[in-house]
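S.K.: work07.tsv (TSV, C-alpha atoms) pasted underneath:
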chain	number	residue	atom	x	y	z
A	72	MET	CA	22.90	14.71	-13.64
A	73	ARG	CA	19.12	14.80	-13.72
A	74	ALA	CA	17.52	14.51	-10.29
A	75	PRO	CA	15.55	11.29	-9.74
A	76	VAL	CA	11.76	11.53	-9.96
A	77	ARG	CA	10.02	11.51	-6.59
A	78	LEU	CA	6.58	9.97	-6.12
A	79	ALA	CA	5.44	13.38	-4.88
A	80	ASP	CA	6.35	14.90	-8.27
A	81	LEU	CA	3.93	12.72	-10.23
A	82	GLN	CA	0.74	14.48	-11.29
A	83	THR	CA	-1.51	11.89	-12.95
A	84	ARG	CA	-2.12	8.16	-13.02
A	85	GLY	CA	-0.72	8.16	-16.55
A	86	ASP	CA	2.50	9.67	-15.22
A	87	ALA	CA	2.51	7.04	-12.47
A	88	LEU	CA	2.19	4.13	-14.90
A	89	LEU	CA	4.97	5.45	-17.13
A	90	PHE	CA	7.20	5.95	-14.10
A	91	LEU	CA	6.47	2.46	-12.81
A	92	ARG	CA	7.09	0.74	-16.16
A	93	SER	CA	10.39	2.58	-16.52
A	94	THR	CA	11.39	1.71	-12.95
A	95	PHE	CA	10.59	-1.98	-13.32
A	96	GLU	CA	12.39	-2.18	-16.68
A	97	ARG	CA	15.45	-0.54	-15.15
A	98	GLN	CA	15.45	-2.99	-12.25
A	99	LEU	CA	15.01	-5.95	-14.59
A	100	GLU	CA	17.93	-4.88	-16.78
A	101	ALA	CA	20.12	-4.25	-13.73
A	102	SER	CA	19.37	-7.71	-12.33
A	103	ILE	CA	20.33	-9.29	-15.65
A	104	ASP	CA	23.52	-7.23	-15.91
A	105	ILE	CA	24.79	-8.30	-12.48
A	106	GLY	CA	23.51	-11.87	-12.74
A	107	ALA	CA	21.26	-11.60	-9.69
A	108	ASP	CA	20.02	-14.88	-8.23
A	109	PRO	CA	16.31	-15.66	-8.67
A	110	ASN	CA	14.11	-14.18	-5.93
A	111	LYS	CA	17.04	-12.20	-4.50
A	112	GLY	CA	16.69	-8.45	-4.26
A	113	ILE	CA	19.11	-5.89	-5.65
A	114	ALA	CA	19.59	-2.18	-4.97
A	115	GLY	CA	16.52	-0.27	-6.09
A	116	ASP	CA	14.03	-3.12	-5.78
A	117	HIS	CA	12.62	-1.81	-2.51
A	118	GLY	CA	11.85	1.58	-4.05
A	119	ALA	CA	10.17	-0.07	-7.03
A	120	ARG	CA	8.01	-2.16	-4.71
A	121	GLN	CA	7.05	0.90	-2.66
A	122	ALA	CA	6.01	2.70	-5.85
A	123	PHE	CA	3.93	-0.30	-6.99
A	124	ASN	CA	2.00	-0.26	-3.71
A	125	VAL	CA	1.53	3.51	-3.50
A	126	LEU	CA	0.76	4.48	-7.10
A	127	LEU	CA	-1.66	1.81	-8.29
A	128	SER	CA	-5.12	0.73	-7.22
A	129	PRO	CA	-5.63	-3.03	-6.72
A	130	ALA	CA	-7.27	-3.26	-10.16
A	131	GLU	CA	-4.33	-1.44	-11.73
A	132	GLN	CA	-1.86	-3.62	-9.83
A	133	ARG	CA	-3.55	-6.71	-11.23
A	134	ALA	CA	-3.39	-5.37	-14.80
A	135	PHE	CA	0.25	-4.31	-14.39
A	136	PHE	CA	1.18	-7.70	-12.94
A	137	GLN	CA	-0.46	-9.52	-15.85
A	138	GLN	CA	1.47	-7.33	-18.29
A	139	ILE	CA	4.91	-7.85	-16.80
A	140	ILE	CA	4.63	-11.63	-16.35
A	141	ALA	CA	4.02	-11.91	-20.08
A	142	ASP	CA	7.80	-11.36	-20.18
A	143	ARG	CA	9.32	-14.48	-18.60
A	144	ARG	CA	12.42	-12.54	-17.59
A	145	TYR	CA	10.34	-10.97	-14.82
A	146	TRP	CA	9.43	-14.29	-13.22
A	147	PRO	CA	12.58	-14.51	-11.04
A	148	ARG	CA	12.08	-10.85	-10.00
A	149	ILE	CA	8.47	-11.04	-8.74
A	150	LYS	CA	9.46	-11.71	-5.12
A	151	SER	CA	11.78	-8.71	-4.87
A	152	LEU	CA	9.76	-6.27	-6.98
A	153	ILE	CA	6.23	-7.11	-5.81
A	154	GLY	CA	6.45	-9.46	-2.84
A	155	ASN	CA	5.32	-12.90	-1.76
A	156	PRO	CA	2.00	-14.46	-2.71
A	157	PRO	CA	-0.85	-14.63	-2.02
A	158	PHE	CA	-1.42	-11.20	-3.54
A	159	SER	CA	-4.41	-9.17	-2.37
A	160	PHE	CA	-4.79	-7.58	-5.82
A	161	LEU	CA	-5.28	-10.90	-7.65
A	162	LEU	CA	-8.62	-12.68	-8.06
A	163	PRO	CA	-9.42	-16.38	-7.56
A	164	GLU	CA	-9.40	-16.91	-11.33
A	165	ASP	CA	-5.76	-15.75	-11.41
A	166	GLU	CA	-4.48	-18.84	-9.58
A	167	GLY	CA	-2.95	-20.26	-12.74
A	168	LEU	CA	-0.93	-17.19	-13.72
A	169	LEU	CA	2.24	-18.46	-12.01
A	170	ARG	CA	3.15	-21.13	-9.47
A	171	ALA	CA	3.16	-19.54	-6.02
A	172	GLY	CA	5.77	-21.99	-4.72
A	173	GLY	CA	8.21	-20.81	-7.37
A	174	ILE	CA	8.11	-17.32	-5.90
A	175	CYS	CA	8.16	-18.27	-2.23
A	176	ARG	CA	8.67	-21.70	-0.74
A	177	ASN	CA	5.61	-23.31	0.86
A	178	ARG	CA	3.17	-20.86	-0.72
A	179	THR	CA	0.34	-22.56	-2.59
A	180	HIS	CA	-1.96	-19.73	-3.69
A	181	MET	CA	-1.40	-16.71	-5.90
A	182	SER	CA	-4.56	-14.93	-4.74
A	183	ALA	CA	-5.86	-14.34	-1.23
A	184	GLN	CA	-8.41	-16.99	-0.29
A	185	ASP	CA	-9.98	-15.24	2.70
A	186	SER	CA	-9.93	-11.49	2.06
A	187	ASN	CA	-8.81	-8.93	-0.50
A	188	ILE	CA	-8.08	-6.40	2.24
A	189	SER	CA	-4.46	-5.24	2.10
A	190	LYS	CA	-1.67	-7.24	3.72
A	191	ALA	CA	0.81	-5.39	5.93
A	192	PRO	CA	3.53	-5.17	3.21
A	193	ASP	CA	1.00	-3.66	0.79
A	194	PHE	CA	0.95	-0.39	2.71
A	195	GLY	CA	4.57	0.61	2.25
A	196	ASP	CA	4.72	4.10	3.73
A	197	GLY	CA	1.04	4.55	2.96
A	198	HIS	CA	-0.89	7.50	1.58
A	199	PHE	CA	-1.89	9.02	4.91
A	200	THR	CA	-1.19	8.71	8.64
A	201	ASP	CA	-2.98	10.05	11.71
A	202	ASP	CA	-2.06	11.27	15.18
A	203	ALA	CA	-2.46	7.72	16.53
A	204	GLU	CA	0.33	6.53	14.18
A	205	ARG	CA	-2.10	4.52	12.07
A	206	THR	CA	-1.27	4.20	8.36
A	207	TYR	CA	-3.91	4.52	5.62
A	208	ARG	CA	-4.01	3.30	2.04
A	209	VAL	CA	-6.69	4.56	-0.37
A	210	ILE	CA	-8.20	1.61	-2.23
A	211	ASN	CA	-10.97	2.92	-4.47
A	212	PHE	CA	-10.12	4.84	-7.62
A	213	ASN	CA	-12.54	6.38	-10.10
A	214	GLN	CA	-11.32	4.80	-13.34
A	215	LYS	CA	-12.35	7.95	-15.25
A	216	ASP	CA	-10.33	10.20	-12.96
A	217	SER	CA	-6.71	10.87	-13.88
A	218	ARG	CA	-5.64	12.06	-10.43
A	219	LEU	CA	-3.63	10.04	-7.95
A	220	PRO	CA	-5.39	8.76	-4.80
A	221	TRP	CA	-4.07	11.42	-2.45
A	222	GLN	CA	-4.72	14.38	-4.75
A	223	ASN	CA	-7.59	16.87	-4.95
A	224	LEU	CA	-9.92	15.19	-2.50
A	225	SER	CA	-13.23	17.00	-2.10
A	226	VAL	CA	-15.78	17.39	0.68
A	227	GLN	CA	-18.47	14.67	0.69
A	228	GLU	CA	-16.27	12.36	-1.38
A	229	LYS	CA	-16.50	8.77	-0.19
A	230	LEU	CA	-13.32	6.73	0.07
A	231	VAL	CA	-12.54	3.11	0.75
A	232	VAL	CA	-9.33	2.98	2.77
A	233	ASP	CA	-7.37	0.22	4.46
A	234	VAL	CA	-5.87	1.12	7.83
A	235	ARG	CA	-2.97	-0.56	9.65
A	236	LEU	CA	-2.25	-0.21	13.34
A	237	LYS	CA	1.35	0.37	14.35
A	238	ARG	CA	3.08	-2.62	15.90
A	239	PHE	CA	3.89	-2.37	19.59
A	240	SER	CA	5.41	-4.81	22.03
A	241	GLN	CA	3.10	-6.22	24.69
A	242	LYS	CA	4.94	-4.12	27.28
A	243	VAL	CA	4.25	-0.91	25.37
A	244	LYS	CA	0.60	-1.88	24.81
A	245	ILE	CA	0.10	-2.32	28.55
A	246	ALA	CA	1.76	1.03	29.19
A	247	ILE	CA	-0.53	2.73	26.68
A	248	PHE	CA	-3.63	1.23	28.31
A	249	ARG	CA	-2.42	2.35	31.73
A	250	GLY	CA	-1.51	5.81	30.51
A	251	THR	CA	2.12	5.38	31.53
A	252	ASP	CA	3.66	5.21	28.04
A	253	ALA	CA	6.68	7.51	27.84
A	254	THR	CA	5.60	8.91	24.45
A	255	VAL	CA	2.14	9.79	25.76
A	256	ARG	CA	0.40	7.71	23.11
A	257	THR	CA	-3.34	7.35	23.53
A	258	GLN	CA	-5.39	4.16	23.41
A	259	ALA	CA	-6.45	5.15	19.89
A	260	ALA	CA	-3.11	3.75	18.73
A	261	LEU	CA	-4.33	0.26	19.66
A	262	MET	CA	-7.74	0.32	17.99
A	263	PHE	CA	-9.37	1.10	14.66
A	264	PRO	CA	-11.36	4.29	14.13
A	265	ARG	CA	-15.03	3.67	14.95
A	266	PRO	CA	-18.12	4.53	12.89
A	267	GLY	CA	-19.09	8.15	13.47
A	268	GLU	CA	-15.57	9.14	14.50
A	269	GLU	CA	-13.82	11.97	12.66
A	270	VAL	CA	-10.12	11.50	11.95
A	271	VAL	CA	-7.55	13.93	10.57
A	272	LEU	CA	-5.48	12.18	7.90
A	273	ARG	CA	-2.09	13.73	7.16
A	274	LEU	CA	-0.41	13.10	3.82
A	275	SER	CA	2.59	10.82	4.22
A	276	LYS	CA	5.89	12.70	4.14
A	277	HIS	CA	7.15	10.89	1.04
A	278	LEU	CA	4.18	12.22	-0.95
A	279	GLU	CA	4.41	15.86	0.12
A	280	SER	CA	5.25	18.16	-2.79
A	281	THR	CA	4.34	21.57	-1.38
A	282	GLY	CA	4.41	20.97	2.35
A	283	ALA	CA	2.04	19.43	4.87
A	284	TYR	CA	-1.48	18.54	3.72
A	285	ALA	CA	-4.37	17.03	5.66
A	286	VAL	CA	-8.02	16.06	5.24
A	287	THR	CA	-10.64	15.21	7.85
A	288	VAL	CA	-12.80	12.15	7.26
A	289	ARG	CA	-15.78	10.65	9.06
A	290	VAL	CA	-15.83	6.87	9.41
A	291	GLU	CA	-19.05	5.33	8.07
A	292	SER	CA	-18.28	1.63	8.56
A	293	GLY	CA	-15.39	-0.79	9.02
A	294	GLN	CA	-14.41	-4.44	8.68
A	295	GLN	CA	-11.37	-6.03	10.33
A	296	LYS	CA	-9.31	-8.22	8.00
A	297	ALA	CA	-9.38	-11.12	10.46
A	298	ARG	CA	-9.65	-11.66	14.20
A	299	LEU	CA	-6.65	-10.06	15.93
A	300	SER	CA	-5.45	-8.58	12.62
A	301	PRO	CA	-3.90	-5.08	12.81
A	302	ILE	CA	-5.58	-4.20	9.49
A	303	ALA	CA	-9.14	-3.16	8.64
A	304	ARG	CA	-11.07	-1.72	5.70
A	305	LEU	CA	-13.04	1.48	6.27
A	306	LEU	CA	-15.62	3.42	4.31
A	307	VAL	CA	-15.09	7.11	5.05
A	308	THR	CA	-16.51	10.43	3.91
A	309	VAL	CA	-14.34	13.51	3.48
A	310	VAL	CA	-15.74	16.29	5.68
A	311	LYS	CA	-12.95	18.87	5.52
A	312	VAL	CA	-10.03	19.64	3.21
Can you give me the file's structure in the form of structure tokens?

M.R.:
Amino acid sequence: MRAPVRLADLQTRGDALLFLRSTFERQLEASIDIGADPNKGIAGDHGARQAFNVLLSPAEQRAFFQQIIADRRYWPRIKSLIGNPPFSFLLPEDEGLLRAGGICRNRTHMSAQDSNISKAPDFGDGHFTDDAERTYRVINFNQKDSRLPWQNLSVQEKLVVDVRLKRFSQKVKIAIFRGTDATVRTQAALMFPRPGEEVVLRLSKHLESTGAYAVTVRVESGQQKARLSPIARLLVTVVKV
């Protein structure tokens, strides 16, 4: 039996799109074969959703979404394959694509009304992590570049990345601030990287193809998604590869 393709094995964005189309088609056919209930996940949906979030830029996610919903058979699978609206990759003019309430009860908007910064589920396992257990997702893609967002980064390259803080209980947060946390976490785990700070980003394990890989970036600016949100958008410059 042929071994399943890993995300780490993909080499180009073209490869990624072919892989994703094949994966979504396989999940759609499987859901039809077993008579899956609308909006109910089946085995394999989680992996397809992870791939959607990791492999595509927001612009590519929007284009892919528009393509698949042209096939009405996908409508009952949106929740399990992509998630619940509002979607950060859609634009205000996309409100009429589908009815948000048909995907998830009590949802009224297909696109985010306040910010297009990633939601927590958009990260999946992310592209990179750091020593403070923060997860990073590369947002900007050069449309003329065939590489995937974690590949072949170069010094002085500027990246737009979304960063998510790890969730901790209030008890653990207090312990971290006091320096009494059993895992010896630092206060960096509770805050976003600041402008001027250099951070070592380590490639997420699920994307490693030839072992550990890391880049160092310098934070140029940042914007928190909302007050008290664990997510922010950063502009960074690669300073070491």

S.K.: Find the residue from A:Asn155, A:Ser189, A:Gln82, A:Thr281 that sits nearest to Asn177 of chain A; use only C-alpha atoms when measuring.

M.R.: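 Of all the options, A:Asn155 lies closest to Asn177 of chain A.
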
S.K.: Scan for residues within 6 Å of the point (-2.7, 2.3, 2.8) in the coordinates of the file, using only C-alpha atoms, and reply as a PDB file with C-alpha atoms, in the coordinates of the input.

M.R.:
ATOM      1  CA  PHE A 194       0.950  -0.390   2.710  1.00  0.00           C
ATOM      2  CA  GLY A 197       1.040   4.550   2.960  1.00  0.00           C
ATOM      3  CA  HIS A 198      -0.890   7.500   1.580  1.00  0.00           C
ATOM      4  CA  TYR A 207      -3.910   4.520   5.620  1.00  0.00           C
ATOM      5  CA  ARG A 208      -4.010   3.300   2.040  1.00  0.00           C
ATOM      6  CA  VAL A 209      -6.690   4.560  -0.370  1.00  0.00           C
ATOM      7  CA  ASP A 233      -7.370   0.220   4.460  1.00  0.00           C
TER       8      ASP A 233
END

S.K.: Could you please give me, as a list of chain:residue names, the residues of protein, DNA or RNA lying at most 10 Å from (7.3, 5.7, -12.8) in the coordinate frame of the file, considering all atoms listed in the file?

M.R.: A:Val76, A:Arg77, A:Leu78, A:Leu81, A:Arg84, A:Gly85, A:Asp86, A:Ala87, A:Leu88, A:Leu89, A:Phe90, A:Leu91, A:Arg92, A:Ser93, A:Thr94, A:Phe95, A:Ala119, A:Ala122, A:Phe123, A:Leu126

S.K.: Extract, using only C-alpha atoms, all DNA, RNA and protein residues at most 12 Å from Arg176 of chain A, discarding same-chain residues fewer than 6 positions from it, and format them as a list in words.

M.R.: Asn110, Lys150, Asn155, Pro156, Pro157 and Arg170 of chain A

S.K.: Need the shell around Leu152 of chain A: protein/DNA/RNA residues with any atom at most 7 Å away, counting all atoms listed in the file. Skip same-chain ones fewer than 6 positions apart. Format as a ChimeraX atom specification?

M.R.: /A:116-117,119-120

S.K.: Next, write the just-selected residues to a file, as a CSV table (one decimal), keeping the file's coordinate frame, keeping C-alpha atoms as the atom set.

M.R.:
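In the end it all went to result.csv:
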chain,number,residue,atom,x,y,z
A,116,ASP,CA,14.0,-3.1,-5.8
A,117,HIS,CA,12.6,-1.8,-2.5
A,119,ALA,CA,10.2,-0.1,-7.0
A,120,ARG,CA,8.0,-2.2,-4.7

S.K.: With only C-alpha atoms as the counted atoms, please give the residues lying no more than 12 Å from Glu164 of chain A, apart from itself and same-chain residues fewer than 5 positions off, as a CSV table (one decimal) with C-alpha atoms, in the coordinates of the input.

M.R.:
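Full text of selection02.csv as output:
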chain,number,residue,atom,x,y,z
A,133,ARG,CA,-3.6,-6.7,-11.2
A,169,LEU,CA,2.2,-18.5,-12.0
A,180,HIS,CA,-2.0,-19.7,-3.7
A,181,MET,CA,-1.4,-16.7,-5.9
A,182,SER,CA,-4.6,-14.9,-4.7
A,183,ALA,CA,-5.9,-14.3,-1.2
A,184,GLN,CA,-8.4,-17.0,-0.3

S.K.: Using all atoms listed in the file, which of the listed residues (A:Arg148, A:Lys242, A:Lys111, A:Arg265) sits closest to Ala303 of chain A?

M.R.: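 The answer is A:Arg265, which sits nearest to Ala303 of chain A.
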
S.K.: For Val312 of chain A, which residue among A:Trp146, A:Trp221, A:Phe135, A:Phe248 is the nearest when counting all atoms listed in the file?

M.R.: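 The answer is A:Trp221, which sits nearest to Val312 of chain A.
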
S.K.: Quick one, how far is atom CA of Leu272 of chain A from atom CA of Ala285 of chain A?

M.R.: 5.5 Å

S.K.: What's the separation between atom CA of Leu278 of chain A and atom CA of Leu236 of chain A, in Å to one decimal place?

M.R.: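 Separating atom CA of Leu278 of chain A from atom CA of Leu236 of chain A is a distance of 20.0 Å.
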
S.K.: Using all atoms listed in the file, can you tell me which of A:Gln258, A:Thr308, A:Ser280, A:Ser186 comes closest to Ser292 of chain A?

M.R.: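 The closest residue to Ser292 of chain A is A:Thr308.
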
S.K.: What gap, in Å, lies between atom CA of Asp80 of chain A and atom CA of Val290 of chain A?

M.R.: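 Between atom CA of Asp80 of chain A and atom CA of Val290 of chain A the gap is 29.5 Å.
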
S.K.: As an mmCIF file, in the frame of the given file, please: segment 214-249 of chain A completed to N, CA and C atoms.

M.R.:
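Saved file out_35.cif follows:
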data_model
loop_
_atom_site.group_PDB
_atom_site.id
_atom_site.type_symbol
_atom_site.label_atom_id
_atom_site.label_comp_id
_atom_site.auth_asym_id
_atom_site.auth_seq_id
_atom_site.Cartn_x
_atom_site.Cartn_y
_atom_site.Cartn_z
ATOM 1 N N GLN A 214 -12.100 5.149 -12.145
ATOM 2 C CA GLN A 214 -11.320 4.800 -13.340
ATOM 3 C C GLN A 214 -11.323 5.912 -14.388
ATOM 4 N N LYS A 215 -12.285 6.852 -14.289
ATOM 5 C CA LYS A 215 -12.350 7.950 -15.250
ATOM 6 C C LYS A 215 -11.575 9.176 -14.767
ATOM 7 N N ASP A 216 -11.034 9.074 -13.571
ATOM 8 C CA ASP A 216 -10.330 10.200 -12.960
ATOM 9 C C ASP A 216 -8.831 10.006 -13.108
ATOM 10 N N SER A 217 -8.148 11.009 -13.625
ATOM 11 C CA SER A 217 -6.710 10.870 -13.880
ATOM 12 C C SER A 217 -5.851 11.135 -12.650
ATOM 13 N N ARG A 218 -6.429 11.660 -11.590
ATOM 14 C CA ARG A 218 -5.640 12.060 -10.430
ATOM 15 C C ARG A 218 -5.154 10.839 -9.640
ATOM 16 N N LEU A 219 -4.156 11.061 -8.844
ATOM 17 C CA LEU A 219 -3.630 10.040 -7.950
ATOM 18 C C LEU A 219 -4.446 10.037 -6.655
ATOM 19 N N PRO A 220 -4.418 8.944 -5.891
ATOM 20 C CA PRO A 220 -5.390 8.760 -4.800
ATOM 21 C C PRO A 220 -5.320 9.784 -3.680
ATOM 22 N N TRP A 221 -4.198 10.455 -3.543
ATOM 23 C CA TRP A 221 -4.070 11.420 -2.450
ATOM 24 C C TRP A 221 -4.300 12.860 -2.920
ATOM 25 N N GLN A 222 -4.631 13.040 -4.187
ATOM 26 C CA GLN A 222 -4.720 14.380 -4.750
ATOM 27 C C GLN A 222 -6.164 14.875 -4.863
ATOM 28 N N ASN A 223 -6.340 16.165 -4.634
ATOM 29 C CA ASN A 223 -7.590 16.870 -4.950
ATOM 30 C C ASN A 223 -8.839 16.220 -4.368
ATOM 31 N N LEU A 224 -8.746 15.758 -3.146
ATOM 32 C CA LEU A 224 -9.920 15.190 -2.500
ATOM 33 C C LEU A 224 -10.919 16.300 -2.200
ATOM 34 N N SER A 225 -12.203 15.978 -2.284
ATOM 35 C CA SER A 225 -13.230 17.000 -2.100
ATOM 36 C C SER A 225 -14.200 16.614 -0.992
ATOM 37 N N VAL A 226 -14.811 17.617 -0.394
ATOM 38 C CA VAL A 226 -15.780 17.390 0.680
ATOM 39 C C VAL A 226 -16.947 16.559 0.156
ATOM 40 N N GLN A 227 -17.393 15.619 0.977
ATOM 41 C CA GLN A 227 -18.470 14.670 0.690
ATOM 42 C C GLN A 227 -18.025 13.501 -0.195
ATOM 43 N N GLU A 228 -16.778 13.508 -0.611
ATOM 44 C CA GLU A 228 -16.270 12.360 -1.380
ATOM 45 C C GLU A 228 -16.145 11.153 -0.469
ATOM 46 N N LYS A 229 -16.583 10.007 -0.964
ATOM 47 C CA LYS A 229 -16.500 8.770 -0.190
ATOM 48 C C LYS A 229 -15.266 7.977 -0.631
ATOM 49 N N LEU A 230 -14.535 7.478 0.341
ATOM 50 C CA LEU A 230 -13.320 6.730 0.070
ATOM 51 C C LEU A 230 -13.365 5.379 0.763
ATOM 52 N N VAL A 231 -12.814 4.388 0.106
ATOM 53 C CA VAL A 231 -12.540 3.110 0.750
ATOM 54 C C VAL A 231 -11.055 3.112 1.082
ATOM 55 N N VAL A 232 -10.730 2.956 2.351
ATOM 56 C CA VAL A 232 -9.330 2.980 2.770
ATOM 57 C C VAL A 232 -9.044 1.767 3.648
ATOM 58 N N ASP A 233 -7.850 1.238 3.528
ATOM 59 C CA ASP A 233 -7.370 0.220 4.460
ATOM 60 C C ASP A 233 -6.494 0.911 5.491
ATOM 61 N N VAL A 234 -6.629 0.506 6.749
ATOM 62 C CA VAL A 234 -5.870 1.120 7.830
ATOM 63 C C VAL A 234 -5.080 0.051 8.564
ATOM 64 N N ARG A 235 -3.852 0.377 8.930
ATOM 65 C CA ARG A 235 -2.970 -0.560 9.650
ATOM 66 C C ARG A 235 -2.536 0.079 10.961
ATOM 67 N N LEU A 236 -2.724 -0.667 12.041
ATOM 68 C CA LEU A 236 -2.250 -0.210 13.340
ATOM 69 C C LEU A 236 -0.737 -0.390 13.413
ATOM 70 N N LYS A 237 -0.086 0.512 14.129
ATOM 71 C CA LYS A 237 1.350 0.370 14.350
ATOM 72 C C LYS A 237 1.615 -0.800 15.279
ATOM 73 N N ARG A 238 2.714 -1.496 15.039
ATOM 74 C CA ARG A 238 3.080 -2.620 15.900
ATOM 75 C C ARG A 238 3.735 -2.118 17.180
ATOM 76 N N PHE A 239 3.284 -2.671 18.295
ATOM 77 C CA PHE A 239 3.890 -2.370 19.590
ATOM 78 C C PHE A 239 4.155 -3.666 20.328
ATOM 79 N N SER A 240 5.174 -3.654 21.165
ATOM 80 C CA SER A 240 5.410 -4.810 22.030
ATOM 81 C C SER A 240 4.292 -4.881 23.068
ATOM 82 N N GLN A 241 4.128 -6.061 23.666
ATOM 83 C CA GLN A 241 3.100 -6.220 24.690
ATOM 84 C C GLN A 241 3.336 -5.260 25.853
ATOM 85 N N LYS A 242 4.601 -5.031 26.178
ATOM 86 C CA LYS A 242 4.940 -4.120 27.280
ATOM 87 C C LYS A 242 4.457 -2.707 26.977
ATOM 88 N N VAL A 243 4.679 -2.253 25.750
ATOM 89 C CA VAL A 243 4.250 -0.910 25.370
ATOM 90 C C VAL A 243 2.725 -0.822 25.339
ATOM 91 N N LYS A 244 2.064 -1.875 24.841
ATOM 92 C CA LYS A 244 0.600 -1.880 24.810
ATOM 93 C C LYS A 244 0.019 -1.702 26.207
ATOM 94 N N ILE A 245 0.578 -2.422 27.164
ATOM 95 C CA ILE A 245 0.100 -2.320 28.550
ATOM 96 C C ILE A 245 0.307 -0.905 29.075
ATOM 97 N N ALA A 246 1.474 -0.332 28.744
ATOM 98 C CA ALA A 246 1.760 1.030 29.190
ATOM 99 C C ALA A 246 0.786 2.036 28.590
ATOM 100 N N ILE A 247 0.428 1.829 27.331
ATOM 101 C CA ILE A 247 -0.530 2.730 26.680
ATOM 102 C C ILE A 247 -1.886 2.636 27.369
ATOM 103 N N PHE A 248 -2.344 1.414 27.639
ATOM 104 C CA PHE A 248 -3.630 1.230 28.310
ATOM 105 C C PHE A 248 -3.632 1.871 29.697
ATOM 106 N N ARG A 249 -2.506 1.795 30.377
ATOM 107 C CA ARG A 249 -2.420 2.350 31.730
ATOM 108 C C ARG A 249 -2.155 3.851 31.745
#
